[in-house]
Structure formats: structure tokens, C-alpha cells
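> File input-v6.cif below, mmCIF, C-alpha atoms:
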```cif
data_upload
#
loop_
_atom_site.group_PDB
_atom_site.id
_atom_site.type_symbol
_atom_site.label_atom_id
_atom_site.label_comp_id
_atom_site.auth_asym_id
_atom_site.auth_seq_id
_atom_site.Cartn_x
_atom_site.Cartn_y
_atom_site.Cartn_z
ATOM 1 C CA ARG W 1 104.732 91.754 115.847
ATOM 2 C CA THR W 2 106.827 94.906 115.390
ATOM 3 C CA ALA W 3 106.770 94.490 111.611
ATOM 4 C CA ARG W 4 102.985 94.055 111.691
ATOM 5 C CA ILE W 5 102.543 97.240 113.737
ATOM 6 C CA ALA W 6 104.856 99.142 111.394
ATOM 7 C CA ARG W 7 102.883 97.889 108.363
ATOM 8 C CA ALA W 8 99.603 98.970 109.985
ATOM 9 C CA ARG W 9 100.937 102.469 110.746
ATOM 10 C CA TRP W 10 102.326 102.797 107.218
ATOM 11 C CA ALA W 11 98.965 101.720 105.760
ATOM 12 C CA GLU W 12 97.116 104.262 107.912
ATOM 13 C CA ASP W 13 99.522 106.986 106.722
ATOM 14 C CA LEU W 14 98.827 105.958 103.120
ATOM 15 C CA VAL W 15 95.067 106.147 103.683
ATOM 16 C CA ALA W 16 95.312 109.526 105.440
ATOM 17 C CA ARG W 17 97.229 110.913 102.442
ATOM 18 C CA TRP W 18 94.596 109.433 100.097
ATOM 19 C CA TYR W 19 91.874 111.429 101.873
ATOM 20 C CA ALA W 20 93.993 114.589 102.010
ATOM 21 C CA ARG W 21 94.496 114.439 98.217
ATOM 22 C CA ARG W 22 90.709 114.377 97.868
ATOM 23 C CA GLY W 23 90.210 117.555 99.886
ATOM 24 C CA PHE W 24 89.540 116.024 103.287
ATOM 25 C CA THR W 25 91.133 117.093 106.549
ATOM 26 C CA VAL W 26 92.164 114.204 108.769
ATOM 27 C CA ILE W 27 90.713 115.086 112.162
ATOM 28 C CA ALA W 28 91.681 111.947 114.105
ATOM 29 C CA ARG W 29 93.975 108.943 113.886
ATOM 30 C CA ASN W 30 93.819 105.896 116.134
ATOM 31 C CA TRP W 31 91.034 107.383 118.255
ATOM 32 C CA THR W 32 90.178 104.906 120.992
ATOM 33 C CA MET W 33 87.307 104.227 123.309
ATOM 34 C CA ARG W 34 86.399 101.280 125.448
ATOM 35 C CA GLY W 35 85.528 98.538 122.979
ATOM 36 C CA GLY W 36 86.697 100.221 119.800
ATOM 37 C CA GLU W 37 89.225 102.187 117.805
ATOM 38 C CA LEU W 38 88.963 104.368 114.733
ATOM 39 C CA ASP W 39 91.927 104.201 112.368
ATOM 40 C CA VAL W 40 91.331 107.345 110.275
ATOM 41 C CA VAL W 41 88.632 110.001 110.639
ATOM 42 C CA ALA W 42 88.459 112.670 107.945
ATOM 43 C CA ARG W 43 86.167 115.601 107.272
ATOM 44 C CA ARG W 44 85.210 117.639 104.232
ATOM 45 C CA GLY W 45 82.431 120.151 104.841
ATOM 46 C CA ASN W 46 79.503 118.432 106.536
ATOM 47 C CA LEU W 47 80.753 114.929 105.669
ATOM 48 C CA VAL W 48 82.706 112.978 108.275
ATOM 49 C CA VAL W 49 84.276 109.724 107.110
ATOM 50 C CA VAL W 50 85.433 106.937 109.397
ATOM 51 C CA CYS W 51 87.806 104.627 107.542
ATOM 52 C CA GLU W 52 88.767 101.229 108.896
ATOM 53 C CA VAL W 53 92.163 100.157 107.539
ATOM 54 C CA LYS W 54 93.422 96.592 107.119
ATOM 55 C CA ALA W 55 96.934 95.832 105.918
ATOM 56 C CA ARG W 56 98.461 92.603 104.697
ATOM 57 C CA ALA W 57 101.870 91.849 103.234
ATOM 58 C CA GLY W 58 100.173 89.543 100.711
ATOM 59 C CA ASP W 59 97.122 87.366 100.154
ATOM 60 C CA SER W 60 98.698 84.081 101.265
ATOM 61 C CA HIS W 61 96.770 84.114 104.563
ATOM 62 C CA GLY W 62 93.568 85.547 103.116
ATOM 63 C CA SER W 63 92.477 88.883 101.788
ATOM 64 C CA ALA W 64 92.451 91.993 103.945
ATOM 65 C CA TRP W 65 88.773 92.353 102.979
ATOM 66 C CA GLU W 66 87.980 89.163 104.915
ATOM 67 C CA ALA W 67 88.841 91.006 108.145
ATOM 68 C CA PHE W 68 85.823 93.328 107.766
ATOM 69 C CA THR W 69 83.468 91.060 109.665
ATOM 70 C CA PRO W 70 79.953 92.070 110.749
ATOM 71 C CA LEU W 71 81.200 92.316 114.361
ATOM 72 C CA LYS W 72 84.068 94.609 113.311
ATOM 73 C CA GLN W 73 81.638 96.756 111.338
ATOM 74 C CA GLN W 74 79.339 97.032 114.359
ATOM 75 C CA ARG W 75 82.239 98.105 116.601
ATOM 76 C CA VAL W 76 83.408 100.737 114.111
ATOM 77 C CA ARG W 77 79.860 102.118 113.746
ATOM 78 C CA ARG W 78 79.499 102.377 117.520
ATOM 79 C CA ALA W 79 82.914 104.041 117.856
ATOM 80 C CA GLY W 80 82.073 106.466 115.031
ATOM 81 C CA ALA W 81 78.930 107.629 116.813
ATOM 82 C CA ALA W 82 80.854 107.893 120.100
ATOM 83 C CA PHE W 83 83.548 109.981 118.384
ATOM 84 C CA LEU W 84 80.992 112.521 117.150
ATOM 85 C CA ARG W 85 79.469 112.769 120.638
ATOM 86 C CA ALA W 86 82.864 113.064 122.359
ATOM 87 C CA GLU W 87 84.035 115.765 119.969
ATOM 88 C CA GLY W 88 80.728 117.629 120.032
ATOM 89 C CA ILE W 89 80.319 117.323 116.265
ATOM 90 C CA THR W 90 76.722 117.715 115.130
ATOM 91 C CA GLY W 91 74.852 118.374 111.905
ATOM 92 C CA VAL W 92 77.079 116.168 109.769
ATOM 93 C CA ARG W 93 76.635 113.104 107.610
ATOM 94 C CA LEU W 94 78.670 110.137 108.862
ATOM 95 C CA ARG W 95 80.027 107.701 106.283
ATOM 96 C CA PHE W 96 81.925 104.479 106.879
ATOM 97 C CA ASP W 97 84.660 103.493 104.429
ATOM 98 C CA ALA W 98 87.057 100.568 104.374
ATOM 99 C CA ALA W 99 90.601 100.449 103.040
ATOM 100 C CA ALA W 100 92.693 97.397 102.265
ATOM 101 C CA VAL W 101 96.423 97.648 101.727
ATOM 102 C CA THR W 102 97.958 94.521 100.253
ATOM 103 C CA GLY W 103 101.683 94.830 99.731
ATOM 104 C CA THR W 104 101.894 98.417 98.471
ATOM 105 C CA SER W 105 98.507 98.417 96.732
ATOM 106 C CA LEU W 106 95.697 100.518 98.240
ATOM 107 C CA GLU W 107 91.994 100.020 97.593
ATOM 108 C CA VAL W 108 89.435 102.256 99.324
ATOM 109 C CA ARG W 109 85.754 101.361 99.262
ATOM 110 C CA GLU W 110 83.414 104.192 100.164
ATOM 111 C CA ASP W 111 80.168 103.923 102.144
ATOM 112 C CA VAL W 112 80.523 100.187 102.672
ATOM 113 C CA PHE W 113 78.815 99.666 106.015
#
```
Let me see whether you can do it: turn the structure in this file into C-alpha cells.


Amino acid sequence: RTARIARARWAEDLVARWYARRGFTVIARNWTMRGGELDVVARRGNLVVVCEVKARAGDSHGSAWEAFTPLKQQRVRRAGAAFLRAEGITGVRLRFDAAAVTGTSLEVREDVF
């Protein structure tokens, strides 16, 4: 369990750096609400991106992409809208990305749900 948590935190750090290199400012990490959590929230101008991060040591127990179920997507969308309301952020475009870290390999898919 501890190793899994450490891998998840490391993967989120990797994703946050990925956004920073692309000119985004990470405005929240592990933001929680009842019924949901946002792993990484980044902003560049009037674009706010919510990125859900999944990390796996390998593919032996299935791909990290398989964890992006319709229910998970619904929860992230709801949490993303709640984040904007809670932070008083208006007049922005909200995009939902997904990132899979398998081993040390990162793949980010933009505007996926």
C-alpha cells in the first residue's frame, strides 16, 4: 500500500511538471470534495485543465487506461465543476485530460472526457 501511494504521488509530480513545461500553472493538487478528488488542476490563461492520473508499475494487471471508467469520468467532471465554483473561477474553458504512467513512461491524452 505504501509503495502504491508513493507511485501515485510520483506520477502526479511527473504530470504537474509536464503541464508546467507547457506553460501552465498548477493551481491545485489532490483537491477533494465529498464524492471526488482532482489529482492535478492547471491553468494557462482562460483554460483550466483537470487531469486525472493513473499509475501502474507495469501492464501485468491491465493498462492504466482501463481505470478511466465512465463512472470515474463522471466523478471527475462533477468535481471539476465544483472546484471552479469553490474557487470562484468564472469565464474559463474547462478541459478534462487523462494521464497514464506505466513504469516510468508518461502518456497524457488531452480533452478526453

> My list of candidates is W:Glu66, W:Glu87, W:Asp59, W:Glu52. Which is closest to Asp39 in chain W when distances are computed with all atoms listed in the file?

W:Glu52

> Kindly indicate which residue among W:Val48, W:Ala3, W:Ala55, W:Val15 lies nearest to Val101 in chain W, using all atoms listed in the file for the distances.

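Between W:Val48, W:Ala3, W:Ala55, W:Val15, the residue approaching Val101 in chain W most closely is W:Ala55.
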
> So, with all atoms listed in the file as the atoms that count, which of W:Phe24, W:Phe113, W:Tyr19, W:Phe83 lies closest to Leu38 in chain W?

W:Phe83

> What's the 12 Å shell around Arg78 in chain W, counting all atoms listed in the file, without same-chain residues fewer than 2 positions away, as a list in words?

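Here the answer would be Thr32, Met33, Arg34, Gly35, Gly36, Glu37, Leu38, Val50, Leu71, Lys72, Gln73, Gln74, Arg75, Val76, Gly80, Ala81, Ala82, Phe83, Leu84, Arg85, Leu94, Phe96 and Phe113 of chain W.
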
> Using the chain letters and numbers from this file, what does the PyMOL selection byres ((chain W and resi 23) around 12) select? Give the answer as a ChimeraX atom specification.

/W:16-22,24-26,42-45,47

> Counting only C-alpha atoms, what is within 12 Å of Ile5 in chain W, bar same-chain residues fewer than 5 positions away, as a ChimeraX atom specification?

/W:10-12,54-57

> Those selected residues, please, written with C-alpha atoms and delivered as a JSON list (two decimals), keeping the file's coordinate frame.


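Writing the result to out.json gives the following:
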```
[["chain", "number", "residue", "atom", "x", "y", "z"],
["W", 10, "TRP", "CA", 102.33, 102.80, 107.22],
["W", 11, "ALA", "CA", 98.96, 101.72, 105.76],
["W", 12, "GLU", "CA", 97.12, 104.26, 107.91],
["W", 54, "LYS", "CA", 93.42, 96.59, 107.12],
["W", 55, "ALA", "CA", 96.93, 95.83, 105.92],
["W", 56, "ARG", "CA", 98.46, 92.60, 104.70],
["W", 57, "ALA", "CA", 101.87, 91.85, 103.23]]
```

> Just give me the gap between CA of Thr69 in chain W and CA of Asn46 in chain W in Å, one decimal is fine.

27.8 Å

> Work out how far apart CA of Ala79 in chain W and CA of Ser63 in chain W are and give it in Å to one decimal.

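So the two atoms, CA of Ala79 in chain W and CA of Ser63 in chain W, lie 24.1 Å apart.
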
> For Gly58 in chain W, which of W:Ala100, W:Val40, W:Leu14, W:Ile27 is the closest residue, counting only C-alpha atoms?

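Residue with the minimum atom-to-atom distance to Gly58 in chain W: W:Ala100.
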
> Restricting the calculation to all atoms listed in the file, which member of W:Val53, W:Ala86, W:Ala6, W:Val41 is positioned closest to Arg29 in chain W?

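Using all atoms listed in the file, the shortest distance to Arg29 in chain W belongs to W:Val41.
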
> Go ahead and compute the interatomic distance for CA of Ala64 in chain W and CA of Leu106 in chain W, in Å to one decimal.

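A separation of 10.8 Å between them.
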
> Between W:His61, W:Ala8, W:Val49, W:Arg77, which one has atoms that come closest to Arg95 in chain W, using only C-alpha atoms?

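The answer is W:Val49, which sits nearest to Arg95 in chain W.
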
> Will you model all heavy atoms for range 87-98 of chain W and pass it back as a PDB file, in the frame of the given file?


```pdb
ATOM      1  N   GLU W  87      83.456 114.559 120.554  1.00  0.00           N
ATOM      2  CA  GLU W  87      84.035 115.765 119.969  1.00  0.00           C
ATOM      3  C   GLU W  87      83.021 116.888 119.799  1.00  0.00           C
ATOM      4  O   GLU W  87      83.379 117.980 119.342  1.00  0.00           O
ATOM      5  CB  GLU W  87      84.683 115.429 118.613  1.00  0.00           C
ATOM      6  CG  GLU W  87      85.811 114.419 118.692  1.00  0.00           C
ATOM      7  CD  GLU W  87      86.978 114.909 119.541  1.00  0.00           C
ATOM      8  OE1 GLU W  87      87.378 116.078 119.391  1.00  0.00           O
ATOM      9  OE2 GLU W  87      87.487 114.119 120.354  1.00  0.00           O
ATOM     10  N   GLY W  88      81.777 116.612 120.145  1.00  0.00           N
ATOM     11  CA  GLY W  88      80.728 117.629 120.032  1.00  0.00           C
ATOM     12  C   GLY W  88      80.402 118.003 118.593  1.00  0.00           C
ATOM     13  O   GLY W  88      79.995 119.132 118.313  1.00  0.00           O
ATOM     14  N   ILE W  89      80.580 117.066 117.688  1.00  0.00           N
ATOM     15  CA  ILE W  89      80.319 117.323 116.265  1.00  0.00           C
ATOM     16  C   ILE W  89      78.867 116.964 115.958  1.00  0.00           C
ATOM     17  O   ILE W  89      78.444 115.833 116.173  1.00  0.00           O
ATOM     18  CB  ILE W  89      81.272 116.508 115.369  1.00  0.00           C
ATOM     19  CG1 ILE W  89      82.729 116.902 115.652  1.00  0.00           C
ATOM     20  CG2 ILE W  89      80.937 116.706 113.894  1.00  0.00           C
ATOM     21  CD1 ILE W  89      83.764 116.035 114.977  1.00  0.00           C
ATOM     22  N   THR W  90      78.126 117.935 115.466  1.00  0.00           N
ATOM     23  CA  THR W  90      76.722 117.715 115.130  1.00  0.00           C
ATOM     24  C   THR W  90      76.438 118.236 113.725  1.00  0.00           C
ATOM     25  O   THR W  90      77.235 118.974 113.153  1.00  0.00           O
ATOM     26  CB  THR W  90      75.789 118.429 116.131  1.00  0.00           C
ATOM     27  OG1 THR W  90      76.071 119.835 116.087  1.00  0.00           O
ATOM     28  CG2 THR W  90      75.982 117.907 117.547  1.00  0.00           C
ATOM     29  N   GLY W  91      75.286 117.859 113.203  1.00  0.00           N
ATOM     30  CA  GLY W  91      74.852 118.374 111.905  1.00  0.00           C
ATOM     31  C   GLY W  91      75.689 117.906 110.735  1.00  0.00           C
ATOM     32  O   GLY W  91      75.832 118.621 109.749  1.00  0.00           O
ATOM     33  N   VAL W  92      76.251 116.702 110.845  1.00  0.00           N
ATOM     34  CA  VAL W  92      77.079 116.168 109.769  1.00  0.00           C
ATOM     35  C   VAL W  92      76.523 114.827 109.302  1.00  0.00           C
ATOM     36  O   VAL W  92      75.754 114.184 110.002  1.00  0.00           O
ATOM     37  CB  VAL W  92      78.554 115.976 110.213  1.00  0.00           C
ATOM     38  CG1 VAL W  92      79.209 117.290 110.559  1.00  0.00           C
ATOM     39  CG2 VAL W  92      78.661 114.984 111.363  1.00  0.00           C
ATOM     40  N   ARG W  93      76.933 114.446 108.118  1.00  0.00           N
ATOM     41  CA  ARG W  93      76.635 113.104 107.610  1.00  0.00           C
ATOM     42  C   ARG W  93      77.833 112.233 107.943  1.00  0.00           C
ATOM     43  O   ARG W  93      78.986 112.638 107.726  1.00  0.00           O
ATOM     44  CB  ARG W  93      76.426 113.162 106.098  1.00  0.00           C
ATOM     45  CG  ARG W  93      76.082 111.825 105.503  1.00  0.00           C
ATOM     46  CD  ARG W  93      75.760 111.946 104.010  1.00  0.00           C
ATOM     47  NE  ARG W  93      76.104 110.681 103.404  1.00  0.00           N
ATOM     48  CZ  ARG W  93      77.028 110.503 102.476  1.00  0.00           C
ATOM     49  NH1 ARG W  93      77.687 111.528 101.996  1.00  0.00           N
ATOM     50  NH2 ARG W  93      77.275 109.316 101.994  1.00  0.00           N
ATOM     51  N   LEU W  94      77.596 111.060 108.486  1.00  0.00           N
ATOM     52  CA  LEU W  94      78.670 110.137 108.862  1.00  0.00           C
ATOM     53  C   LEU W  94      78.697 108.985 107.868  1.00  0.00           C
ATOM     54  O   LEU W  94      77.685 108.326 107.639  1.00  0.00           O
ATOM     55  CB  LEU W  94      78.433 109.619 110.283  1.00  0.00           C
ATOM     56  CG  LEU W  94      79.468 108.672 110.877  1.00  0.00           C
ATOM     57  CD1 LEU W  94      80.849 109.318 110.912  1.00  0.00           C
ATOM     58  CD2 LEU W  94      79.039 108.242 112.273  1.00  0.00           C
ATOM     59  N   ARG W  95      79.863 108.769 107.268  1.00  0.00           N
ATOM     60  CA  ARG W  95      80.027 107.701 106.283  1.00  0.00           C
ATOM     61  C   ARG W  95      81.121 106.758 106.766  1.00  0.00           C
ATOM     62  O   ARG W  95      82.110 107.190 107.359  1.00  0.00           O
ATOM     63  CB  ARG W  95      80.418 108.319 104.938  1.00  0.00           C
ATOM     64  CG  ARG W  95      80.502 107.297 103.803  1.00  0.00           C
ATOM     65  CD  ARG W  95      80.856 107.979 102.506  1.00  0.00           C
ATOM     66  NE  ARG W  95      82.311 108.094 102.377  1.00  0.00           N
ATOM     67  CZ  ARG W  95      82.916 108.865 101.481  1.00  0.00           C
ATOM     68  NH1 ARG W  95      82.214 109.617 100.645  1.00  0.00           N
ATOM     69  NH2 ARG W  95      84.235 108.906 101.415  1.00  0.00           N
ATOM     70  N   PHE W  96      80.946 105.483 106.478  1.00  0.00           N
ATOM     71  CA  PHE W  96      81.925 104.479 106.879  1.00  0.00           C
ATOM     72  C   PHE W  96      82.564 103.867 105.637  1.00  0.00           C
ATOM     73  O   PHE W  96      81.881 103.278 104.799  1.00  0.00           O
ATOM     74  CB  PHE W  96      81.269 103.393 107.733  1.00  0.00           C
ATOM     75  CG  PHE W  96      80.787 103.917 109.052  1.00  0.00           C
ATOM     76  CD1 PHE W  96      79.496 104.395 109.197  1.00  0.00           C
ATOM     77  CD2 PHE W  96      81.642 103.985 110.136  1.00  0.00           C
ATOM     78  CE1 PHE W  96      79.049 104.906 110.399  1.00  0.00           C
ATOM     79  CE2 PHE W  96      81.210 104.495 111.346  1.00  0.00           C
ATOM     80  CZ  PHE W  96      79.911 104.961 111.480  1.00  0.00           C
ATOM     81  N   ASP W  97      83.881 104.043 105.530  1.00  0.00           N
ATOM     82  CA  ASP W  97      84.660 103.493 104.429  1.00  0.00           C
ATOM     83  C   ASP W  97      85.560 102.378 104.954  1.00  0.00           C
ATOM     84  O   ASP W  97      85.776 102.247 106.163  1.00  0.00           O
ATOM     85  CB  ASP W  97      85.554 104.571 103.801  1.00  0.00           C
ATOM     86  CG  ASP W  97      84.780 105.674 103.093  1.00  0.00           C
ATOM     87  OD1 ASP W  97      83.535 105.601 103.008  1.00  0.00           O
ATOM     88  OD2 ASP W  97      85.434 106.625 102.627  1.00  0.00           O
ATOM     89  N   ALA W  98      86.096 101.608 104.031  1.00  0.00           N
ATOM     90  CA  ALA W  98      87.057 100.568 104.374  1.00  0.00           C
ATOM     91  C   ALA W  98      88.211 100.648 103.390  1.00  0.00           C
ATOM     92  O   ALA W  98      88.009 100.927 102.205  1.00  0.00           O
ATOM     93  CB  ALA W  98      86.408  99.194 104.317  1.00  0.00           C
TER      94      ALA W  98
END
```
